[in-house]
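Enquirer: If it helps, the file is called model.pdb and holds PDB, C-alpha atoms:
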```
ATOM      1  CA  MET B  21       5.108  24.422  31.722
ATOM      2  CA  ALA B  22       7.421  22.658  29.322
ATOM      3  CA  ARG B  23       8.304  23.538  25.777
ATOM      4  CA  LEU B  24       7.668  20.525  23.523
ATOM      5  CA  ARG B  25       7.604  19.927  19.812
ATOM      6  CA  ILE B  26       4.181  18.432  19.032
ATOM      7  CA  ASN B  27       3.571  17.218  15.480
ATOM      8  CA  GLY B  28       6.226  19.559  14.264
ATOM      9  CA  VAL B  29       5.091  22.666  16.165
ATOM     10  CA  GLU B  30       6.851  24.011  19.258
ATOM     11  CA  GLU B  31       4.463  24.706  22.119
ATOM     12  CA  GLU B  32       4.410  25.403  25.842
ATOM     13  CA  VAL B  33       2.289  22.775  27.585
ATOM     14  CA  ALA B  34       1.357  21.971  31.173
ATOM     15  CA  ALA B  35       0.960  18.245  30.508
ATOM     16  CA  THR B  36       3.531  16.001  32.136
ATOM     17  CA  THR B  37       2.510  12.672  30.589
ATOM     18  CA  VAL B  38       1.322  11.470  27.176
ATOM     19  CA  VAL B  39      -2.220  10.937  28.460
ATOM     20  CA  GLU B  40      -2.338  14.454  29.897
ATOM     21  CA  LEU B  41      -1.091  15.877  26.629
ATOM     22  CA  LEU B  42      -3.701  14.028  24.547
ATOM     23  CA  THR B  43      -6.500  15.037  26.896
ATOM     24  CA  ALA B  44      -5.391  18.659  26.979
ATOM     25  CA  ARG B  45      -5.438  18.727  23.157
ATOM     26  CA  GLY B  46      -8.956  17.319  22.974
ATOM     27  CA  VAL B  47      -7.857  13.895  21.797
ATOM     28  CA  ASP B  48      -9.635  11.019  23.526
ATOM     29  CA  PRO B  49      -6.804   8.792  24.801
ATOM     30  CA  THR B  50      -9.090   5.767  24.606
ATOM     31  CA  ALA B  51      -9.842   6.319  20.887
ATOM     32  CA  ARG B  52      -8.757   3.418  18.732
ATOM     33  CA  PHE B  53      -6.077   3.593  16.040
ATOM     34  CA  LEU B  54      -3.994   6.303  17.686
ATOM     35  CA  ALA B  55      -0.244   5.984  17.987
ATOM     36  CA  VAL B  56       2.323   8.159  19.723
ATOM     37  CA  ALA B  57       6.075   8.442  19.449
ATOM     38  CA  VAL B  58       8.382  10.490  21.652
ATOM     39  CA  ASN B  59      11.848  11.333  20.367
ATOM     40  CA  GLY B  60      11.597   8.808  17.546
ATOM     41  CA  THR B  61      10.438   5.874  19.660
ATOM     42  CA  VAL B  62       6.899   4.532  19.790
ATOM     43  CA  VAL B  63       5.287   4.800  23.224
ATOM     44  CA  ARG B  64       2.919   1.884  23.682
ATOM     45  CA  ARG B  65      -0.622   2.748  24.706
ATOM     46  CA  SER B  66      -0.165   1.003  28.041
ATOM     47  CA  GLU B  67       2.648   3.435  28.847
ATOM     48  CA  TRP B  68       0.751   6.618  28.018
ATOM     49  CA  PRO B  69      -0.349   7.284  31.624
ATOM     50  CA  SER B  70       3.166   6.861  32.965
ATOM     51  CA  ARG B  71       5.467   8.144  30.222
ATOM     52  CA  PRO B  72       6.769  11.497  31.485
ATOM     53  CA  LEU B  73       7.289  14.364  29.070
ATOM     54  CA  SER B  74      10.358  16.536  29.428
ATOM     55  CA  PRO B  75      11.235  19.922  27.977
ATOM     56  CA  GLY B  76      12.484  19.566  24.411
ATOM     57  CA  ASP B  77      10.694  16.284  23.748
ATOM     58  CA  ASN B  78       9.609  15.688  20.169
ATOM     59  CA  VAL B  79       6.110  14.170  20.168
ATOM     60  CA  GLU B  80       4.358  12.632  17.162
ATOM     61  CA  ILE B  81       0.642  11.814  17.419
ATOM     62  CA  VAL B  82      -0.693   9.951  14.394
ATOM     63  CA  ARG B  83      -3.542   7.898  13.073
ATOM     64  CA  PRO B  84      -4.437   6.237   9.760
ATOM     65  CA  PHE B  85      -5.671   8.368   6.867
ATOM     66  CA  SER B  86      -6.567   7.607   3.296
ATOM     67  CA  GLY B  87      -3.603   6.476   1.241
ATOM     68  CA  GLY B  88      -2.461   4.534  -1.769
TER
ATOM     69  CA  MET O  20     -11.250 -19.696  -2.215
ATOM     70  CA  THR O  21     -10.150 -21.565  -5.353
ATOM     71  CA  ASP O  22      -7.086 -19.532  -6.291
ATOM     72  CA  PRO O  23      -5.854 -17.788  -3.162
ATOM     73  CA  LEU O  24      -2.909 -15.433  -3.139
ATOM     74  CA  MET O  25      -0.443 -16.474  -0.454
ATOM     75  CA  ILE O  26       1.641 -13.760   1.184
ATOM     76  CA  ALA O  27       3.568 -14.559   4.354
ATOM     77  CA  ASP O  28       1.451 -17.685   4.961
ATOM     78  CA  THR O  29      -1.743 -15.639   4.708
ATOM     79  CA  ALA O  30      -4.318 -16.690   2.122
ATOM     80  CA  LEU O  31      -5.946 -13.707   0.432
ATOM     81  CA  SER O  32      -9.186 -14.021  -1.473
ATOM     82  CA  SER O  33      -8.635 -11.116  -3.864
ATOM     83  CA  ARG O  34      -5.710 -10.331  -6.142
ATOM     84  CA  LEU O  35      -6.717  -6.685  -6.335
ATOM     85  CA  PHE O  36      -5.373  -4.322  -3.685
ATOM     86  CA  VAL O  37      -7.096  -0.956  -3.576
ATOM     87  CA  GLY O  38      -5.865   2.375  -2.243
ATOM     88  CA  THR O  39      -8.207   4.645  -0.311
ATOM     89  CA  ALA O  40      -7.074   8.129  -1.390
ATOM     90  CA  GLY O  41      -8.675  10.718  -3.602
ATOM     91  CA  TYR O  42     -12.280   9.512  -3.916
ATOM     92  CA  PRO O  43     -15.055  12.083  -4.363
ATOM     93  CA  ASN O  44     -16.395  11.227  -0.904
ATOM     94  CA  GLN O  45     -16.241   8.517   1.728
ATOM     95  CA  GLN O  46     -19.435   6.794   0.622
ATOM     96  CA  ILE O  47     -18.078   6.382  -2.912
ATOM     97  CA  LEU O  48     -14.857   5.038  -1.412
ATOM     98  CA  LEU O  49     -16.774   2.448   0.599
ATOM     99  CA  ASP O  50     -18.899   1.474  -2.405
ATOM    100  CA  CYS O  51     -15.799   1.172  -4.601
ATOM    101  CA  LEU O  52     -14.040  -1.036  -2.088
ATOM    102  CA  ALA O  53     -17.092  -3.287  -1.998
ATOM    103  CA  ALA O  54     -17.359  -3.377  -5.807
ATOM    104  CA  SER O  55     -13.645  -4.136  -6.173
ATOM    105  CA  GLY O  56     -13.849  -7.200  -3.957
ATOM    106  CA  ALA O  57     -10.514  -6.124  -2.464
ATOM    107  CA  GLU O  58      -9.472  -7.736   0.781
ATOM    108  CA  ILE O  59      -6.356  -5.599   1.226
ATOM    109  CA  VAL O  60      -6.792  -1.839   1.216
ATOM    110  CA  THR O  61      -3.985   0.635   1.805
ATOM    111  CA  VAL O  62      -3.943   3.570   4.204
ATOM    112  CA  SER O  63      -1.368   6.174   5.162
ATOM    113  CA  ILE O  64      -0.221   7.239   8.620
ATOM    114  CA  ARG O  65      -0.371  10.949   9.280
ATOM    115  CA  ARG O  66      -0.179  13.419  12.136
ATOM    116  CA  ILE O  67      -3.600  14.073  13.613
ATOM    117  CA  SER O  68      -5.054  17.526  13.410
ATOM    118  CA  LEU O  69      -4.790  19.074  16.840
ATOM    119  CA  GLU O  70      -7.532  21.478  15.850
ATOM    120  CA  GLY O  71     -10.246  18.864  15.960
ATOM    121  CA  TYR O  72     -10.656  15.135  16.136
ATOM    122  CA  ALA O  73     -13.166  13.644  13.716
ATOM    123  CA  GLU O  74     -14.235  10.125  12.873
ATOM    124  CA  SER O  75     -11.405   8.162  11.394
ATOM    125  CA  LEU O  76     -11.451   6.555   7.995
ATOM    126  CA  VAL O  77     -10.486   3.362   9.698
ATOM    127  CA  ASP O  78     -13.683   3.377  11.738
ATOM    128  CA  LEU O  79     -15.592   3.208   8.474
ATOM    129  CA  LEU O  80     -13.467   0.438   7.007
ATOM    130  CA  GLY O  81     -13.340  -1.456  10.265
ATOM    131  CA  GLY O  82     -13.728  -5.181  10.001
ATOM    132  CA  ARG O  83     -14.536  -5.222   6.292
ATOM    133  CA  HIS O  84     -10.993  -5.101   4.952
ATOM    134  CA  ARG O  85      -7.439  -5.931   5.877
ATOM    135  CA  LEU O  86      -5.702  -2.567   6.248
ATOM    136  CA  LEU O  87      -2.211  -2.271   4.822
ATOM    137  CA  PRO O  88      -0.483   0.874   6.118
ATOM    138  CA  ASN O  89       2.063   2.551   3.889
ATOM    139  CA  THR O  90       5.040   4.774   4.544
ATOM    140  CA  ALA O  91       4.173   7.077   1.644
ATOM    141  CA  GLY O  92       6.180  10.250   1.456
ATOM    142  CA  CYS O  93       9.012   9.049   3.671
ATOM    143  CA  ALA O  94      12.422   9.976   2.303
ATOM    144  CA  THR O  95      14.745   8.531   4.957
ATOM    145  CA  VAL O  96      15.190   5.104   6.527
ATOM    146  CA  ARG O  97      14.553   6.644   9.923
ATOM    147  CA  ASP O  98      11.220   8.225   8.974
ATOM    148  CA  ALA O  99      10.039   5.116   7.133
ATOM    149  CA  VAL O 100      10.907   2.820  10.031
ATOM    150  CA  LEU O 101       9.249   5.110  12.594
ATOM    151  CA  THR O 102       6.137   5.411  10.408
ATOM    152  CA  ALA O 103       5.965   1.617  10.123
ATOM    153  CA  GLU O 104       6.318   1.283  13.884
ATOM    154  CA  LEU O 105       3.578   3.857  14.483
ATOM    155  CA  ALA O 106       1.375   2.012  11.972
ATOM    156  CA  ARG O 107       1.941  -1.247  13.822
ATOM    157  CA  GLU O 108       0.895   0.395  17.073
ATOM    158  CA  ALA O 109      -2.117   2.182  15.571
ATOM    159  CA  LEU O 110      -3.483  -0.684  13.484
ATOM    160  CA  GLU O 111      -2.164  -3.715  15.312
ATOM    161  CA  THR O 112      -0.713  -5.161  12.136
ATOM    162  CA  ASN O 113       2.881  -5.996  11.372
ATOM    163  CA  TRP O 114       2.255  -5.689   7.630
ATOM    164  CA  VAL O 115       3.604  -2.582   5.956
ATOM    165  CA  LYS O 116       3.768  -1.315   2.395
ATOM    166  CA  LEU O 117       7.219   0.210   2.534
ATOM    167  CA  GLU O 118       7.732   3.319   0.431
ATOM    168  CA  LEU O 119      10.979   5.204   0.485
ATOM    169  CA  ILE O 120      10.886   8.048  -1.959
ATOM    170  CA  GLY O 121      14.099   9.299  -3.536
ATOM    171  CA  ASP O 122      12.669  12.117  -5.619
ATOM    172  CA  ARG O 123       9.650  14.289  -4.818
ATOM    173  CA  GLU O 124       8.830  14.967  -8.457
ATOM    174  CA  THR O 125       8.830  11.460  -9.897
ATOM    175  CA  LEU O 126       8.251   9.617  -6.590
ATOM    176  CA  TYR O 127      10.819   7.075  -7.700
ATOM    177  CA  PRO O 128      12.006   4.802  -4.897
ATOM    178  CA  ASP O 129      15.416   5.336  -3.314
ATOM    179  CA  VAL O 130      16.611   1.783  -3.818
ATOM    180  CA  GLU O 131      19.634   1.900  -1.539
ATOM    181  CA  GLN O 132      17.663   3.252   1.415
ATOM    182  CA  LEU O 133      14.692   1.017   0.575
ATOM    183  CA  VAL O 134      16.724  -2.163   0.934
ATOM    184  CA  ARG O 135      18.214  -0.953   4.216
ATOM    185  CA  ALA O 136      14.819  -0.018   5.657
ATOM    186  CA  ALA O 137      13.334  -3.322   4.490
ATOM    187  CA  GLU O 138      16.086  -5.284   6.171
ATOM    188  CA  GLU O 139      15.663  -3.351   9.414
ATOM    189  CA  LEU O 140      11.890  -3.808   9.452
ATOM    190  CA  VAL O 141      12.099  -7.521   8.632
ATOM    191  CA  GLY O 142      14.505  -7.806  11.557
ATOM    192  CA  SER O 143      11.908  -6.122  13.787
ATOM    193  CA  GLY O 144       9.264  -8.658  12.839
ATOM    194  CA  PHE O 145       7.448  -6.784  10.088
ATOM    195  CA  THR O 146       5.893  -8.352   7.007
ATOM    196  CA  VAL O 147       7.327  -5.976   4.437
ATOM    197  CA  LEU O 148       5.868  -5.289   0.988
ATOM    198  CA  PRO O 149       8.163  -2.731  -0.648
ATOM    199  CA  TYR O 150       7.178  -0.385  -3.467
ATOM    200  CA  CYS O 151      10.172  -0.650  -5.778
ATOM    201  CA  ASN O 152      11.631  -0.110  -9.207
ATOM    202  CA  GLU O 153      10.749  -2.504 -12.007
ATOM    203  CA  ASP O 154      14.217  -3.970 -11.853
ATOM    204  CA  PRO O 155      14.874  -7.688 -11.285
ATOM    205  CA  VAL O 156      18.053  -7.043  -9.304
ATOM    206  CA  THR O 157      16.344  -4.682  -6.860
ATOM    207  CA  CYS O 158      13.446  -7.103  -6.475
ATOM    208  CA  GLN O 159      15.873  -9.944  -5.803
ATOM    209  CA  LYS O 160      17.711  -7.917  -3.157
ATOM    210  CA  LEU O 161      14.428  -7.096  -1.429
ATOM    211  CA  ALA O 162      13.401 -10.748  -1.432
ATOM    212  CA  ASP O 163      16.851 -11.714  -0.132
ATOM    213  CA  VAL O 164      16.528  -9.437   2.915
ATOM    214  CA  GLY O 165      13.231 -11.112   3.744
ATOM    215  CA  CYS O 166      10.456  -9.073   2.126
ATOM    216  CA  ALA O 167       7.198 -11.030   1.878
ATOM    217  CA  ALA O 168       6.430  -9.674  -1.601
ATOM    218  CA  VAL O 169       7.747  -7.075  -4.004
ATOM    219  CA  MET O 170       5.702  -4.249  -5.498
ATOM    220  CA  PRO O 171       7.394  -3.029  -8.679
ATOM    221  CA  LEU O 172       6.002   0.073 -10.344
ATOM    222  CA  GLY O 173       4.238  -0.170 -13.695
ATOM    223  CA  SER O 174       4.883   3.515 -14.274
ATOM    224  CA  LEU O 175       4.980   6.653 -12.132
ATOM    225  CA  ILE O 176       2.592   6.865  -9.184
ATOM    226  CA  GLY O 177      -0.700   8.424 -10.195
ATOM    227  CA  SER O 178       0.357   8.751 -13.847
ATOM    228  CA  GLY O 179      -2.111   6.283 -15.335
ATOM    229  CA  MET O 180       0.548   5.399 -17.906
ATOM    230  CA  GLY O 181       0.056   1.666 -17.484
ATOM    231  CA  ILE O 182       2.956  -0.760 -17.664
ATOM    232  CA  ALA O 183       5.826   1.121 -19.259
ATOM    233  CA  ASN O 184       8.164  -1.859 -19.420
ATOM    234  CA  PRO O 185       6.185  -5.096 -19.723
ATOM    235  CA  ALA O 186       9.299  -7.118 -20.515
ATOM    236  CA  ALA O 187      10.887  -6.096 -17.208
ATOM    237  CA  ILE O 188       7.732  -6.925 -15.251
ATOM    238  CA  GLU O 189       7.546 -10.332 -16.959
ATOM    239  CA  LEU O 190      11.206 -10.955 -16.164
ATOM    240  CA  ILE O 191      10.697 -10.040 -12.507
ATOM    241  CA  CYS O 192       7.681 -12.355 -12.283
ATOM    242  CA  SER O 193       9.571 -15.250 -13.879
ATOM    243  CA  ARG O 194      12.443 -14.961 -11.394
ATOM    244  CA  SER O 195      10.868 -13.775  -8.170
ATOM    245  CA  SER O 196      10.886 -16.063  -5.172
ATOM    246  CA  VAL O 197       8.149 -13.980  -3.520
ATOM    247  CA  PRO O 198       4.789 -12.759  -4.846
ATOM    248  CA  VAL O 199       4.864  -9.805  -7.223
ATOM    249  CA  VAL O 200       2.232  -7.098  -6.763
ATOM    250  CA  LEU O 201       2.197  -4.526  -9.540
ATOM    251  CA  ASP O 202       1.984  -1.110  -7.921
ATOM    252  CA  ALA O 203       1.597   2.330  -9.492
ATOM    253  CA  GLY O 204       0.739   3.481 -12.968
ATOM    254  CA  ILE O 205      -2.418   1.456 -13.549
ATOM    255  CA  GLY O 206      -4.740   3.601 -15.664
ATOM    256  CA  THR O 207      -7.547   1.292 -16.649
ATOM    257  CA  ALA O 208      -8.724  -2.302 -16.419
ATOM    258  CA  SER O 209      -6.665  -3.580 -19.358
ATOM    259  CA  ASP O 210      -3.478  -2.455 -17.572
ATOM    260  CA  ALA O 211      -4.462  -4.608 -14.609
ATOM    261  CA  ALA O 212      -5.269  -7.530 -16.900
ATOM    262  CA  LEU O 213      -1.889  -7.167 -18.637
ATOM    263  CA  ALA O 214      -0.089  -7.169 -15.303
ATOM    264  CA  MET O 215      -1.732 -10.437 -14.393
ATOM    265  CA  GLU O 216      -1.059 -11.941 -17.839
ATOM    266  CA  LEU O 217       2.619 -11.051 -17.447
ATOM    267  CA  GLY O 218       2.674 -13.164 -14.303
ATOM    268  CA  CYS O 219       2.009 -10.724 -11.477
ATOM    269  CA  ASP O 220       0.331 -12.264  -8.471
ATOM    270  CA  ALA O 221      -1.742  -9.176  -7.716
ATOM    271  CA  VAL O 222      -2.281  -5.548  -8.671
ATOM    272  CA  LEU O 223      -2.706  -2.405  -6.597
ATOM    273  CA  ALA O 224      -4.924   0.356  -7.985
ATOM    274  CA  ASN O 225      -5.955   3.644  -6.461
ATOM    275  CA  THR O 226      -5.996   6.762  -8.635
ATOM    276  CA  ALA O 227      -7.327   4.870 -11.665
ATOM    277  CA  ILE O 228     -10.457   4.087  -9.669
ATOM    278  CA  ALA O 229     -10.720   7.189  -7.484
ATOM    279  CA  LYS O 230     -10.303   9.694 -10.310
ATOM    280  CA  SER O 231     -12.318   7.839 -12.921
ATOM    281  CA  HIS O 232     -15.436   9.568 -14.214
ATOM    282  CA  ASP O 233     -17.415   6.707 -12.658
ATOM    283  CA  PRO O 234     -15.317   5.280  -9.809
ATOM    284  CA  LEU O 235     -17.805   2.572  -8.906
ATOM    285  CA  ARG O 236     -17.879   1.192 -12.427
ATOM    286  CA  MET O 237     -14.087   1.373 -12.679
ATOM    287  CA  ALA O 238     -13.745  -0.529  -9.402
ATOM    288  CA  ALA O 239     -15.850  -3.315 -10.905
ATOM    289  CA  ALA O 240     -13.831  -3.117 -14.133
ATOM    290  CA  MET O 241     -10.548  -3.480 -12.207
ATOM    291  CA  ARG O 242     -11.889  -6.502 -10.441
ATOM    292  CA  ALA O 243     -12.919  -8.072 -13.753
ATOM    293  CA  GLY O 244      -9.592  -7.092 -15.336
ATOM    294  CA  VAL O 245      -7.569  -8.733 -12.589
ATOM    295  CA  GLU O 246      -9.716 -11.844 -12.642
ATOM    296  CA  GLY O 247      -9.609 -12.061 -16.450
ATOM    297  CA  GLY O 248      -5.864 -11.540 -16.546
ATOM    298  CA  ARG O 249      -5.296 -14.150 -13.889
ATOM    299  CA  LEU O 250      -7.431 -16.718 -15.713
ATOM    300  CA  ALA O 251      -5.641 -15.978 -18.979
ATOM    301  CA  ARG O 252      -2.266 -16.364 -17.289
ATOM    302  CA  LEU O 253      -3.261 -19.734 -15.845
ATOM    303  CA  ALA O 254      -4.721 -20.839 -19.190
ATOM    304  CA  GLY O 255      -1.643 -19.760 -21.169
ATOM    305  CA  ARG O 256      -1.596 -17.570 -24.241
ATOM    306  CA  ILE O 257      -0.950 -19.088 -27.666
ATOM    307  CA  PRO O 258       2.393 -18.454 -29.339
ATOM    308  CA  LYS O 259       2.584 -15.341 -31.484
ATOM    309  CA  ARG O 260       2.921 -16.045 -35.238
ATOM    310  CA  ARG O 261       4.115 -13.872 -38.061
ATOM    311  CA  PHE O 262       1.524 -15.211 -40.526
ATOM    312  CA  ALA O 263      -2.174 -15.968 -40.599
ATOM    313  CA  GLU O 264      -3.425 -19.354 -39.539
ATOM    314  CA  PRO O 265      -7.051 -19.930 -40.587
ATOM    315  CA  SER O 266      -9.253 -20.984 -37.740
ATOM    316  CA  SER O 267     -12.030 -22.336 -39.987
ATOM    317  CA  PRO O 268     -11.569 -25.772 -41.655
ATOM    318  CA  GLN O 269      -9.741 -25.778 -45.006
ATOM    319  CA  LEU O 270     -11.750 -28.707 -46.387
ATOM    320  CA  GLY O 271     -15.266 -28.450 -47.792
ATOM    321  CA  LEU O 272     -15.032 -24.887 -49.006
ATOM    322  CA  VAL O 273     -18.054 -23.931 -51.120
ATOM    323  CA  GLY O 274     -17.172 -23.843 -54.828
ATOM    324  CA  SER O 275     -13.924 -25.816 -54.525
TER
END
```
Please, can you express the file's structure as structure tokens?

Expert:
Amino acid sequence: MARLRINGVEEEVAATTVVELLTARGVDPTARFLAVAVNGTVVRRSEWPSRPLSPGDNVEIVRPFSGG
Amino acid sequence: MTDPLMIADTALSSRLFVGTAGYPNQQILLDCLAASGAEIVTVSIRRISLEGYAESLVDLLGGRHRLLPNTAGCATVRDAVLTAELAREALETNWVKLELIGDRETLYPDVEQLVRAAEELVGSGFTVLPYCNEDPVTCQKLADVGCAAVMPLGSLIGSGMGIANPAAIELICSRSSVPVVLDAGIGTASDAALAMELGCDAVLANTAIAKSHDPLRMAAAMRAGVEGGRLARLAGRIPKRRFAEPSSPQLGLVGS
């Protein structure tokens, strides 16, 4: 288990990669229009299966919403 | 396309950009976008809800419009740049409507940070359209760092106050080396028409449509306003005179 900050909330998670984290949170990693950043840097979709997550990582998971 | 708007070598069919926030429901949003004729529609980038994952707005808009992500709400260069980078990854577009807010109450841009963020994003290959003050110097600086257009505010975001300083907007349009898209403050169709008559290349409207009593009709009105204003600008208004000038012939008056 690692303590991560996910979309602003600190949580203990078992996931060790971005794909594992998305799947564990019920987010389909093949869904279009998703984007992920770890520690302020975008992680490209192709790197989601391999990008390891470490304790203290700050993860942002976003998608488009309505806006002006 | 007889009168395309060119931004960053891209020809756009409509001079009306429409925002996607605040409509009564998604069907009205879709109908309004269709009625507006808008090619470019704006979206925000937000954290997903980890409670549940529903159909995305973008799925509904897919293919019909060119999505322009914004950095709305960002207050630092770092947040704005990261949001733009996430938008590029999520939407596979390098276009971004750059917003860098300096004051939560008025939503006025933070000009100093805005120029820095714009320069950084241009350097990273983005096509940057910054929301900015209606100030010719700021607009010039943004164009100088490589922005593809400038988006000066007509008045405060969501205020519906129209164009508070038409002389400044006209001045910006007369000097700008990049297209000028009037952003923020549009309240009704005549505001959009005025923007175009002042020389703006396009107008962005959101709240004026979304919060209208009849959003669908207002979307059509905005489209007509932008088109009318553009035609009037191209035609050229007559000089203003201090005295009357009769339009009917002076000769052949009955009884003379």

Enquirer: Set the distance at 6 Å and use all atoms listed in the file: which residues neighbour segment 73-78 of chain B once local chain neighbours fewer than 3 positions away are removed? I'd like the list as a list in words.

Expert: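 Contacts, in chain order: Ala22, Arg23, Leu24, Arg25, Thr36, Thr37, Val58 and Asn59 of chain B.
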
Enquirer: Report, in Å to a single decimal, how far apart atom CA of Asp22 of chain O and atom CA of Gly177 of chain O are.

Expert: 28.9 Å

Enquirer: At what distance in Å, to one decimal, does atom CA of Val62 of chain O lie from atom CA of Gly38 of chain O?

Expert: 6.8 Å

Enquirer: Translate the PyMOL selection byres ((chain O) within 6 of (chain B)), as applied to the file shown, into an explicit residue set as a PyMOL selection string.

Expert: chain O and resi 38-40+61-67+105+108-110+225

Enquirer: Any chance you can output those residues with C-alpha atoms as a PDB file, in the frame of the given file?

Expert:
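Below you can see again.pdb, which holds the result:
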```pdb
ATOM      1  CA  GLY O  38      -5.865   2.375  -2.243  1.00  0.00           C
ATOM      2  CA  THR O  39      -8.207   4.645  -0.311  1.00  0.00           C
ATOM      3  CA  ALA O  40      -7.074   8.129  -1.390  1.00  0.00           C
ATOM      4  CA  THR O  61      -3.985   0.635   1.805  1.00  0.00           C
ATOM      5  CA  VAL O  62      -3.943   3.570   4.204  1.00  0.00           C
ATOM      6  CA  SER O  63      -1.368   6.174   5.162  1.00  0.00           C
ATOM      7  CA  ILE O  64      -0.221   7.239   8.620  1.00  0.00           C
ATOM      8  CA  ARG O  65      -0.371  10.949   9.280  1.00  0.00           C
ATOM      9  CA  ARG O  66      -0.179  13.419  12.136  1.00  0.00           C
ATOM     10  CA  ILE O  67      -3.600  14.073  13.613  1.00  0.00           C
ATOM     11  CA  LEU O 105       3.578   3.857  14.483  1.00  0.00           C
ATOM     12  CA  GLU O 108       0.895   0.395  17.073  1.00  0.00           C
ATOM     13  CA  ALA O 109      -2.117   2.182  15.571  1.00  0.00           C
ATOM     14  CA  LEU O 110      -3.483  -0.684  13.484  1.00  0.00           C
ATOM     15  CA  ASN O 225      -5.955   3.644  -6.461  1.00  0.00           C
TER      16      ASN O 225
END
```

Enquirer: Enclose segment 46-55 of chain B, meaning all of its atoms listed in the file, in a box aligned along x, y and z, pad it by 6 Å on each side, and list the centre and edge lengths in Å to one decimal, as lines of an AutoDock Vina configuration file.

Expert:
```
center_x = -5.0
center_y = 10.4
center_z = 20.4
size_x = 21.6
size_y = 25.9
size_z = 20.8
```

Enquirer: Which polymer residues, whether protein, DNA or RNA, lie within 9 Å of the coordinate (-5.7, 6.1, -8.1) when you count all atoms listed in the file? List them as a ChimeraX atom specification, using the chain letters and numbers from the file.

Expert: /B:88 /O:37-42,176-179,203-206,224-231

Enquirer: Could you jot down the atom CA of Met21 of chain B to atom CA of Leu101 of chain O separation for me, Å, one decimal place?

Expert: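 Interatomic distance, atom CA of Met21 of chain B to atom CA of Leu101 of chain O: 27.5 Å.
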
Enquirer: Can you tell me which residues surround segment 256-272 of chain O at a distance of at most 12 Å, considering all atoms listed in the file, apart from same-chain residues fewer than 4 positions away, and format the answer as an MDAnalysis selection string?

Expert: chainID O and resid 213 216:218 248:252

Enquirer: Taking the partial coordinates given, rebuild segment 44-55 of chain B to contain N, CA and C atoms; return it as a PDB file, keeping the file's coordinate frame.

Expert:
```
ATOM      1  N   ALA B  44      -5.429  17.198  27.054  1.00  0.00           N
ATOM      2  CA  ALA B  44      -5.391  18.659  26.979  1.00  0.00           C
ATOM      3  C   ALA B  44      -5.626  19.152  25.550  1.00  0.00           C
ATOM      4  N   ARG B  45      -5.252  18.319  24.549  1.00  0.00           N
ATOM      5  CA  ARG B  45      -5.438  18.727  23.157  1.00  0.00           C
ATOM      6  C   ARG B  45      -6.771  18.262  22.573  1.00  0.00           C
ATOM      7  N   GLY B  46      -7.636  17.732  23.435  1.00  0.00           N
ATOM      8  CA  GLY B  46      -8.956  17.319  22.974  1.00  0.00           C
ATOM      9  C   GLY B  46      -8.972  15.995  22.243  1.00  0.00           C
ATOM     10  N   VAL B  47      -7.924  15.209  22.429  1.00  0.00           N
ATOM     11  CA  VAL B  47      -7.857  13.895  21.797  1.00  0.00           C
ATOM     12  C   VAL B  47      -8.192  12.835  22.846  1.00  0.00           C
ATOM     13  N   ASP B  48      -9.227  12.051  22.581  1.00  0.00           N
ATOM     14  CA  ASP B  48      -9.635  11.019  23.526  1.00  0.00           C
ATOM     15  C   ASP B  48      -8.565   9.928  23.579  1.00  0.00           C
ATOM     16  N   PRO B  49      -7.892   9.770  24.727  1.00  0.00           N
ATOM     17  CA  PRO B  49      -6.804   8.792  24.801  1.00  0.00           C
ATOM     18  C   PRO B  49      -7.274   7.340  24.698  1.00  0.00           C
ATOM     19  N   THR B  50      -8.597   7.147  24.765  1.00  0.00           N
ATOM     20  CA  THR B  50      -9.090   5.767  24.606  1.00  0.00           C
ATOM     21  C   THR B  50      -9.528   5.505  23.158  1.00  0.00           C
ATOM     22  N   ALA B  51      -9.450   6.511  22.293  1.00  0.00           N
ATOM     23  CA  ALA B  51      -9.842   6.319  20.887  1.00  0.00           C
ATOM     24  C   ALA B  51      -8.944   5.269  20.243  1.00  0.00           C
ATOM     25  N   ARG B  52      -9.540   4.459  19.401  1.00  0.00           N
ATOM     26  CA  ARG B  52      -8.757   3.418  18.732  1.00  0.00           C
ATOM     27  C   ARG B  52      -7.901   4.027  17.622  1.00  0.00           C
ATOM     28  N   PHE B  53      -6.899   3.290  17.222  1.00  0.00           N
ATOM     29  CA  PHE B  53      -6.077   3.593  16.040  1.00  0.00           C
ATOM     30  C   PHE B  53      -5.143   4.785  16.215  1.00  0.00           C
ATOM     31  N   LEU B  54      -4.974   5.241  17.441  1.00  0.00           N
ATOM     32  CA  LEU B  54      -3.994   6.303  17.686  1.00  0.00           C
ATOM     33  C   LEU B  54      -2.624   5.677  17.937  1.00  0.00           C
ATOM     34  N   ALA B  55      -1.593   6.400  17.605  1.00  0.00           N
ATOM     35  CA  ALA B  55      -0.244   5.984  17.987  1.00  0.00           C
ATOM     36  C   ALA B  55       0.580   7.221  18.314  1.00  0.00           C
TER      37      ALA B  55
END
```
